[in-house]
$ cat final-v7.txt   # compact mmCIF, C-alpha atoms
# COMPACT_ATOMS: atom_id res chain seq x y z
CA MET A 207 6.72 -4.25 -38.82
CA GLU A 208 7.18 -3.56 -35.13
CA ARG A 209 4.66 -5.12 -32.79
CA LYS A 210 2.88 -2.40 -30.84
CA LYS A 211 1.22 -4.55 -28.21
CA GLN A 212 3.55 -5.15 -25.30
CA ILE A 213 2.37 -7.70 -22.81
CA LEU A 214 4.48 -6.48 -19.91
CA LYS A 215 3.54 -2.84 -20.32
CA ALA A 216 0.91 -1.83 -17.76
CA THR A 217 -2.34 -0.46 -19.15
CA LYS A 218 -2.67 1.90 -16.21
CA VAL A 219 0.09 3.77 -14.42
CA LEU A 220 -0.83 5.23 -11.05
CA SER A 221 0.19 8.83 -10.54
CA MET A 222 2.78 9.97 -8.03
CA SER A 223 2.16 12.86 -5.62
CA GLN A 224 4.46 15.85 -5.49
CA THR A 225 5.37 14.89 -1.90
CA THR A 226 6.54 11.49 -3.11
CA LYS A 227 8.45 13.07 -5.99
CA ASN A 228 10.26 15.27 -3.49
CA ARG A 229 10.92 12.31 -1.20
CA ILE A 230 12.29 10.29 -4.10
CA SER A 231 14.50 13.12 -5.33
CA ILE A 232 16.17 13.25 -1.90
CA ILE A 233 16.73 9.50 -1.92
CA ALA A 234 17.95 9.68 -5.53
CA LYS A 235 20.74 12.03 -4.49
CA ASP A 236 21.80 9.55 -1.80
CA ILE A 237 21.90 6.53 -4.05
CA LYS A 238 23.07 8.06 -7.31
CA GLY A 239 26.07 6.18 -8.62
CA LYS A 240 25.80 3.45 -6.00
CA GLU A 241 25.32 -0.21 -6.70
CA LEU A 242 22.03 -0.98 -4.96
CA PHE A 243 22.20 -4.76 -4.97
CA PRO A 244 25.90 -5.61 -4.68
CA GLU A 245 25.30 -9.09 -3.27
CA LYS A 246 22.89 -10.02 -6.05
CA VAL A 247 25.22 -8.68 -8.70
CA GLU A 248 28.07 -10.67 -7.15
CA LEU A 249 25.87 -13.75 -7.15
CA ALA A 250 25.07 -13.16 -10.83
CA LYS A 251 28.75 -12.65 -11.64
CA ARG A 252 29.62 -15.91 -9.86
CA THR A 253 26.92 -17.73 -11.81
CA PHE A 254 28.01 -16.31 -15.17
CA SER A 255 31.71 -16.71 -14.51
CA LYS A 256 31.28 -20.47 -14.90
CA LEU A 257 29.65 -20.12 -18.32
CA LYS A 258 31.37 -19.86 -21.67
CA SER A 259 28.42 -18.79 -23.77
CA LEU A 260 24.80 -17.76 -23.70
CA PRO A 261 22.16 -20.12 -25.07
CA ILE A 262 21.57 -17.86 -28.10
CA MET B 195 -0.95 -5.59 -22.13
CA ASN B 196 -0.62 -6.09 -18.41
CA ASN B 197 -3.98 -5.18 -16.82
CA ILE B 198 -2.67 -4.77 -13.29
CA PRO B 199 -2.01 -1.09 -12.47
CA ALA B 200 1.62 -0.13 -12.02
CA TYR B 201 3.08 2.61 -9.87
CA LYS B 202 4.79 5.48 -11.61
CA THR B 203 8.55 5.12 -11.55
CA GLU B 204 11.23 7.77 -11.46
CA ILE B 205 14.38 6.94 -13.34
CA ILE B 206 17.44 7.76 -11.25
CA ASP B 207 20.48 6.63 -13.10
CA THR B 208 21.11 5.56 -16.67
CA GLU B 209 24.76 4.71 -16.97
CA VAL B 210 26.21 2.15 -19.32
CA SER B 211 26.54 -0.22 -16.39
CA LYS B 212 23.19 0.31 -14.70
CA ILE B 213 19.65 1.65 -14.89
CA GLN B 214 17.85 2.51 -11.66
CA TYR B 215 14.25 3.35 -10.86
CA LEU B 216 12.49 4.35 -7.65
CA PHE B 217 8.79 4.25 -6.89
CA GLU B 218 6.41 4.39 -3.95
CA SER B 219 4.54 1.28 -2.88
CA LYS B 220 1.28 2.52 -1.37
CA GLY B 221 -0.13 -0.40 0.57
CA GLU B 222 -0.62 -0.55 4.30
CA LYS B 223 2.48 1.62 4.56
CA SER B 224 4.31 3.90 2.18
CA ILE B 225 7.54 2.21 1.11
CA ILE B 226 10.04 3.47 -1.44
CA LYS B 227 11.20 0.60 -3.65
CA ALA B 228 14.09 0.38 -6.04
CA ILE B 229 14.57 -1.47 -9.32
CA GLU B 230 18.03 -1.83 -10.78
CA TYR B 231 19.38 -3.33 -13.99
CA SER B 232 23.10 -3.90 -13.40
CA PHE B 233 25.60 -4.98 -15.99
CA VAL B 234 26.99 -8.41 -15.11
CA ARG B 235 29.03 -9.61 -18.03
CA LYS B 236 29.30 -9.63 -21.79
CA LEU B 237 28.95 -13.12 -23.17
CA SER B 238 28.40 -14.35 -26.73
CA GLY B 239 28.51 -10.73 -27.84
CA ARG B 240 25.56 -9.77 -25.66
CA LYS B 241 25.43 -7.84 -22.42
CA VAL B 242 23.73 -9.50 -19.50
CA TYR B 243 22.01 -7.34 -16.88
CA ASN B 244 20.90 -8.48 -13.46
CA LEU B 245 17.42 -7.36 -12.45
CA GLY B 246 17.47 -6.35 -8.79
CA PHE B 247 14.50 -5.23 -6.77
CA GLY B 248 14.00 -4.32 -3.11
CA ASP B 249 12.87 -1.84 -0.44
CA TYR B 250 14.76 1.34 0.32
CA ASP B 251 15.35 1.67 4.05
CA GLU B 252 15.11 5.41 4.64
CA GLN B 253 16.48 5.14 8.19
CA ASN B 254 19.67 3.36 7.17
CA GLY B 255 19.95 4.62 3.61
CA SER B 256 20.28 1.11 2.30
CA ILE B 257 18.36 -1.38 0.18
CA ILE B 258 16.75 -4.45 1.68
CA ASP B 259 16.14 -7.26 -0.77
CA ASP B 260 15.85 -10.23 1.53
CA ILE B 261 12.61 -9.53 3.36
CA ASN B 262 8.97 -9.59 2.35
CA SER B 263 7.45 -6.23 3.18
CA ASN B 264 3.88 -7.64 3.05
CA ASN B 265 2.51 -4.23 2.14
CA GLY B 266 -0.67 -5.62 0.62
CA ASP B 267 0.03 -4.40 -2.93
CA MET B 268 2.22 -7.20 -4.26
CA ARG B 269 0.45 -7.36 -7.63
CA LYS B 270 0.90 -3.65 -8.28
CA VAL B 271 4.54 -3.80 -7.20
CA PHE B 272 5.17 -6.78 -9.45
CA SER B 273 3.39 -5.02 -12.31
CA THR B 274 5.62 -1.99 -11.75
CA VAL B 275 8.76 -4.09 -12.04
CA LEU B 276 7.43 -5.79 -15.19
CA ASN B 277 6.51 -2.40 -16.66
CA THR B 278 10.20 -1.46 -16.73
CA VAL B 279 11.13 -4.48 -18.88
CA PRO B 280 9.86 -3.06 -22.22
CA LYS B 281 11.66 0.21 -21.41
CA PHE B 282 14.85 -1.70 -20.76
CA PHE B 283 14.69 -3.60 -24.05
CA ALA B 284 13.78 -0.46 -25.97
CA GLU B 285 17.22 0.89 -25.04
CA ASN B 286 19.09 -2.44 -24.90
CA LYS B 287 17.69 -4.54 -27.73
CA ASP B 288 20.43 -7.17 -27.87
CA SER B 289 20.99 -7.49 -24.14
CA ALA B 290 19.59 -10.11 -21.81
CA ILE B 291 17.95 -9.79 -18.40
CA TRP B 292 18.96 -12.19 -15.66
CA VAL B 293 16.55 -12.81 -12.78
CA GLN B 294 17.65 -14.68 -9.69
CA GLY B 295 16.28 -14.24 -6.18
CA SER B 296 18.49 -13.31 -3.25
CA ASP B 297 17.24 -16.54 -1.69
CA SER B 298 18.70 -18.63 -4.54
CA ALA B 299 22.32 -18.28 -3.45
CA GLU B 300 24.13 -21.51 -2.68
CA ASP B 301 24.73 -20.47 0.93
CA PHE B 302 21.17 -19.22 1.51
CA LYS B 303 20.02 -22.35 3.35
CA ILE B 304 22.84 -22.07 5.88
CA LYS B 305 22.10 -18.38 6.51
CA CYS B 306 18.37 -19.04 6.70
CA GLU B 307 18.75 -21.71 9.37
CA VAL B 308 20.24 -19.21 11.83
CA ASP B 309 16.97 -17.49 12.73
CA CYS B 310 14.31 -19.31 10.73
CA LYS B 311 11.18 -20.35 12.64
CA LYS B 312 9.77 -22.66 9.98
CA ASN B 313 11.42 -25.80 11.36
CA CYS B 314 12.23 -27.12 7.90
CA THR B 315 13.74 -30.58 7.80
CA GLU B 316 15.43 -31.48 4.52
CA ILE B 317 14.03 -28.81 2.24
CA CYS B 318 14.36 -25.13 3.13
CA LYS B 319 10.95 -23.58 2.46
CA ASN B 320 12.45 -20.13 1.91
CA TYR B 321 14.99 -21.29 -0.67
CA ASN B 322 14.15 -20.01 -4.18
CA ARG B 323 10.94 -18.36 -2.97
CA ARG B 324 11.50 -15.21 -5.03
CA ILE B 325 12.30 -16.92 -8.29
CA LYS B 326 9.15 -19.00 -7.79
CA ALA B 327 7.10 -15.78 -7.90
CA TYR B 328 8.68 -14.83 -11.23
CA ARG B 329 8.30 -18.37 -12.54
CA TYR B 330 4.65 -18.38 -11.52
CA TYR B 331 4.05 -15.24 -13.58
CA VAL B 332 6.01 -16.54 -16.58
CA ASP B 333 4.26 -19.93 -16.41
CA ARG B 334 0.80 -18.36 -16.33
CA ASN B 335 1.54 -16.04 -19.25
CA PHE B 336 4.04 -18.14 -21.15
CA VAL B 337 2.18 -18.32 -24.47
CA GLU B 338 1.64 -14.55 -24.66
CA LEU B 339 5.09 -13.70 -23.33
CA SER B 340 6.74 -16.03 -25.83
CA LYS B 341 5.45 -13.88 -28.69
CA GLU B 342 7.80 -11.13 -27.57
CA TYR B 343 10.45 -12.76 -25.41
CA ILE B 344 12.66 -15.83 -25.32
CA PHE B 345 13.13 -17.50 -21.95
CA PHE B 346 15.77 -19.85 -20.66
CA GLY B 347 15.80 -21.48 -17.27
CA PHE B 348 19.00 -22.01 -15.32
CA THR B 349 19.34 -25.39 -13.70
CA ASN B 350 21.28 -26.13 -10.56
CA GLY B 351 23.22 -29.28 -9.77
CA GLU B 352 26.41 -30.87 -11.05
CA ASN B 353 26.34 -29.24 -14.47
CA PRO B 354 24.47 -25.98 -14.09
CA ASN B 355 23.42 -24.56 -17.43
CA PHE B 356 20.70 -22.86 -19.41
CA VAL B 357 17.90 -24.94 -20.82
CA GLN B 358 14.84 -24.08 -22.82
CA TYR B 359 12.26 -22.70 -20.40
CA ILE B 360 9.43 -25.13 -19.85
CA PRO B 361 6.56 -23.99 -17.64
CA LYS B 362 6.23 -25.80 -14.28
CA ASN B 363 9.87 -26.88 -14.30
CA GLU B 364 12.18 -25.76 -11.50
CA TYR B 365 14.88 -23.20 -12.22
CA ILE B 366 17.06 -21.11 -9.97
CA GLY B 367 17.27 -18.26 -12.48
CA ILE B 368 15.64 -17.01 -15.65
CA LEU B 369 17.36 -15.43 -18.62
CA VAL B 370 15.21 -13.27 -20.90
CA PHE B 371 15.90 -12.03 -24.43
CA LYS B 372 13.72 -9.81 -26.56
CA LYS B 373 12.66 -11.27 -29.88
CA LYS B 374 13.59 -9.16 -32.89
$ encode --input "final-v7.txt" --output "structure tokens"
Amino acid sequence: MERKKQILKATKVLSMSQTTKNRISIIAKDIKGKELFPEKVELAKRTFSKLKSLPI
Amino acid sequence: MNNIPAYKTEIIDTEVSKIQYLFESKGEKSIIKAIEYSFVRKLSGRKVYNLGFGDYDEQNGSIIDDINSNNGDMRKVFSTVLNTVPKFFAENKDSAIWVQGSDSAEDFKIKCEVDCKKNCTEICKNYNRRIKAYRYYVDRNFVELSKEYIFFGFTNGENPNFVQYIPKNEYIGILVFKKK
């Protein structure tokens, strides 16, 4: 049976104004398809390139 | 459940290789922040995704992930990031999330020294600061979190590798799996 309680899920989600939605939609067009954290992803790739398996 | 309120997120991109969210941090200033799960590598038959998080610089159209914005709403922002984790695993049950701060890179100390005002001697006080914030949260909630997730810490040194996550121990990265 699937557990319904999820510890990381926030009990309350704060609403977003229409102005913010509009602002975010403009930004979304700019960043769509782009890698936002290329250096971190490269760092992760370097870290994982040295590994042969995951712990499980 | 996480009792700290989270900001509403807007999902931007859901490709095979990445999932992106944007939200507004409403503290002393209004800052648009981004969360990204990026595919890193498939290993042991499972996909590993890097969890990235930072501020969107609207003037330059770029993401900044190496500064602390000190916007006075850190708990809400952190809660917002955590709130995307169940969503991620709902769509990617067998994948793993990798968390490593931008200040955990091997060359961070050298870069930090250039304009750091902390006058550190042997130990760089900024090194691994971000992963410490994640570790602090995991450590405090380890028993509850372990009911749903499996954690491994990544050790640095001569033979870097994953080890069973033990609260209070030092790790430079955290790997998270969802229990079935």
$ interface_residues --input "final-v7.txt" --of "chain A" --to "chain B" --cutoff "7 Å" --atoms "all atoms listed in the file" --output "list in words"
Lys211, Gln212, Ile213, Leu214, Lys215, Ala216, Thr217, Lys218, Val219, Leu220, Ser221, Met222, Ile230, Ala234, Lys238, Leu242, Phe243, Lys246, Val247, Leu249, Ala250, Lys251, Ser259, Leu260 and Pro261 of chain A
$ write_last_selection --input "final-v7.txt" --atoms "C-alpha atoms" --output "CSV table (one decimal), keeping the file's coordinate frame"
chain,number,residue,atom,x,y,z
A,211,LYS,CA,1.2,-4.6,-28.2
A,212,GLN,CA,3.6,-5.2,-25.3
A,213,ILE,CA,2.4,-7.7,-22.8
A,214,LEU,CA,4.5,-6.5,-19.9
A,215,LYS,CA,3.5,-2.8,-20.3
A,216,ALA,CA,0.9,-1.8,-17.8
A,217,THR,CA,-2.3,-0.5,-19.2
A,218,LYS,CA,-2.7,1.9,-16.2
A,219,VAL,CA,0.1,3.8,-14.4
A,220,LEU,CA,-0.8,5.2,-11.0
A,221,SER,CA,0.2,8.8,-10.5
A,222,MET,CA,2.8,10.0,-8.0
A,230,ILE,CA,12.3,10.3,-4.1
A,234,ALA,CA,18.0,9.7,-5.5
A,238,LYS,CA,23.1,8.1,-7.3
A,242,LEU,CA,22.0,-1.0,-5.0
A,243,PHE,CA,22.2,-4.8,-5.0
A,246,LYS,CA,22.9,-10.0,-6.0
A,247,VAL,CA,25.2,-8.7,-8.7
A,249,LEU,CA,25.9,-13.8,-7.2
A,250,ALA,CA,25.1,-13.2,-10.8
A,251,LYS,CA,28.8,-12.6,-11.6
A,259,SER,CA,28.4,-18.8,-23.8
A,260,LEU,CA,24.8,-17.8,-23.7
A,261,PRO,CA,22.2,-20.1,-25.1
$ closest_residue --input "final-v7.txt" --among "B:Ile261, B:Ile360, B:Val271, B:Ile317" --to "Val337 in chain B" --atoms "only C-alpha atoms"
B:Ile360
$ closest_residue --input "final-v7.txt" --among "B:Val210, B:Asn262, B:Asp288, B:Asp267" --to "Lys372 in chain B" --atoms "all atoms listed in the file"
B:Asp288
$ atom_distance --input "final-v7.txt" --atom1 "CA of Lys303 in chain B" --atom2 "CA of Tyr321 in chain B"
6.5 Å
$ atom_distance --input "final-v7.txt" --atom1 "CA of Gly221 in chain B" --atom2 "CA of Thr225 in chain A"
16.4 Å
$ atom_distance --input "final-v7.txt" --atom1 "CA of Phe272 in chain B" --atom2 "CA of Cys318 in chain B"
24.1 Å
$ build_atoms --input "final-v7.txt" --residues "range 214-226 of chain A" --atoms "N, CA and C atoms" --output "PDB file, in the frame of the given file"
ATOM      1  N   LEU A 214       4.031  -6.863 -21.243  1.00  0.00           N
ATOM      2  CA  LEU A 214       4.480  -6.480 -19.910  1.00  0.00           C
ATOM      3  C   LEU A 214       4.163  -5.022 -19.564  1.00  0.00           C
ATOM      4  N   LYS A 215       3.824  -4.259 -20.562  1.00  0.00           N
ATOM      5  CA  LYS A 215       3.540  -2.840 -20.320  1.00  0.00           C
ATOM      6  C   LYS A 215       2.180  -2.705 -19.629  1.00  0.00           C
ATOM      7  N   ALA A 216       2.155  -1.982 -18.515  1.00  0.00           N
ATOM      8  CA  ALA A 216       0.910  -1.830 -17.760  1.00  0.00           C
ATOM      9  C   ALA A 216      -0.049  -0.905 -18.489  1.00  0.00           C
ATOM     10  N   THR A 217      -1.331  -1.288 -18.476  1.00  0.00           N
ATOM     11  CA  THR A 217      -2.340  -0.460 -19.150  1.00  0.00           C
ATOM     12  C   THR A 217      -2.588   0.822 -18.350  1.00  0.00           C
ATOM     13  N   LYS A 218      -2.412   0.732 -17.047  1.00  0.00           N
ATOM     14  CA  LYS A 218      -2.670   1.900 -16.210  1.00  0.00           C
ATOM     15  C   LYS A 218      -1.479   2.166 -15.291  1.00  0.00           C
ATOM     16  N   VAL A 219      -1.000   3.389 -15.317  1.00  0.00           N
ATOM     17  CA  VAL A 219       0.090   3.770 -14.420  1.00  0.00           C
ATOM     18  C   VAL A 219      -0.444   4.761 -13.393  1.00  0.00           C
ATOM     19  N   LEU A 220      -0.303   4.397 -12.127  1.00  0.00           N
ATOM     20  CA  LEU A 220      -0.830   5.230 -11.050  1.00  0.00           C
ATOM     21  C   LEU A 220       0.052   6.463 -10.863  1.00  0.00           C
ATOM     22  N   SER A 221      -0.576   7.578 -10.633  1.00  0.00           N
ATOM     23  CA  SER A 221       0.190   8.830 -10.540  1.00  0.00           C
ATOM     24  C   SER A 221       0.984   8.904  -9.230  1.00  0.00           C
ATOM     25  N   MET A 222       1.928   9.794  -9.202  1.00  0.00           N
ATOM     26  CA  MET A 222       2.780   9.970  -8.030  1.00  0.00           C
ATOM     27  C   MET A 222       2.573  11.398  -7.495  1.00  0.00           C
ATOM     28  N   SER A 223       2.399  11.521  -6.194  1.00  0.00           N
ATOM     29  CA  SER A 223       2.160  12.860  -5.620  1.00  0.00           C
ATOM     30  C   SER A 223       3.457  13.685  -5.625  1.00  0.00           C
ATOM     31  N   GLN A 224       3.293  14.971  -5.523  1.00  0.00           N
ATOM     32  CA  GLN A 224       4.460  15.850  -5.490  1.00  0.00           C
ATOM     33  C   GLN A 224       5.311  15.558  -4.244  1.00  0.00           C
ATOM     34  N   THR A 225       4.642  15.228  -3.143  1.00  0.00           N
ATOM     35  CA  THR A 225       5.370  14.890  -1.900  1.00  0.00           C
ATOM     36  C   THR A 225       6.277  13.689  -2.133  1.00  0.00           C
ATOM     37  N   THR A 226       5.735  12.691  -2.827  1.00  0.00           N
ATOM     38  CA  THR A 226       6.540  11.490  -3.110  1.00  0.00           C
ATOM     39  C   THR A 226       7.680  11.828  -4.065  1.00  0.00           C
TER      40      THR A 226
END
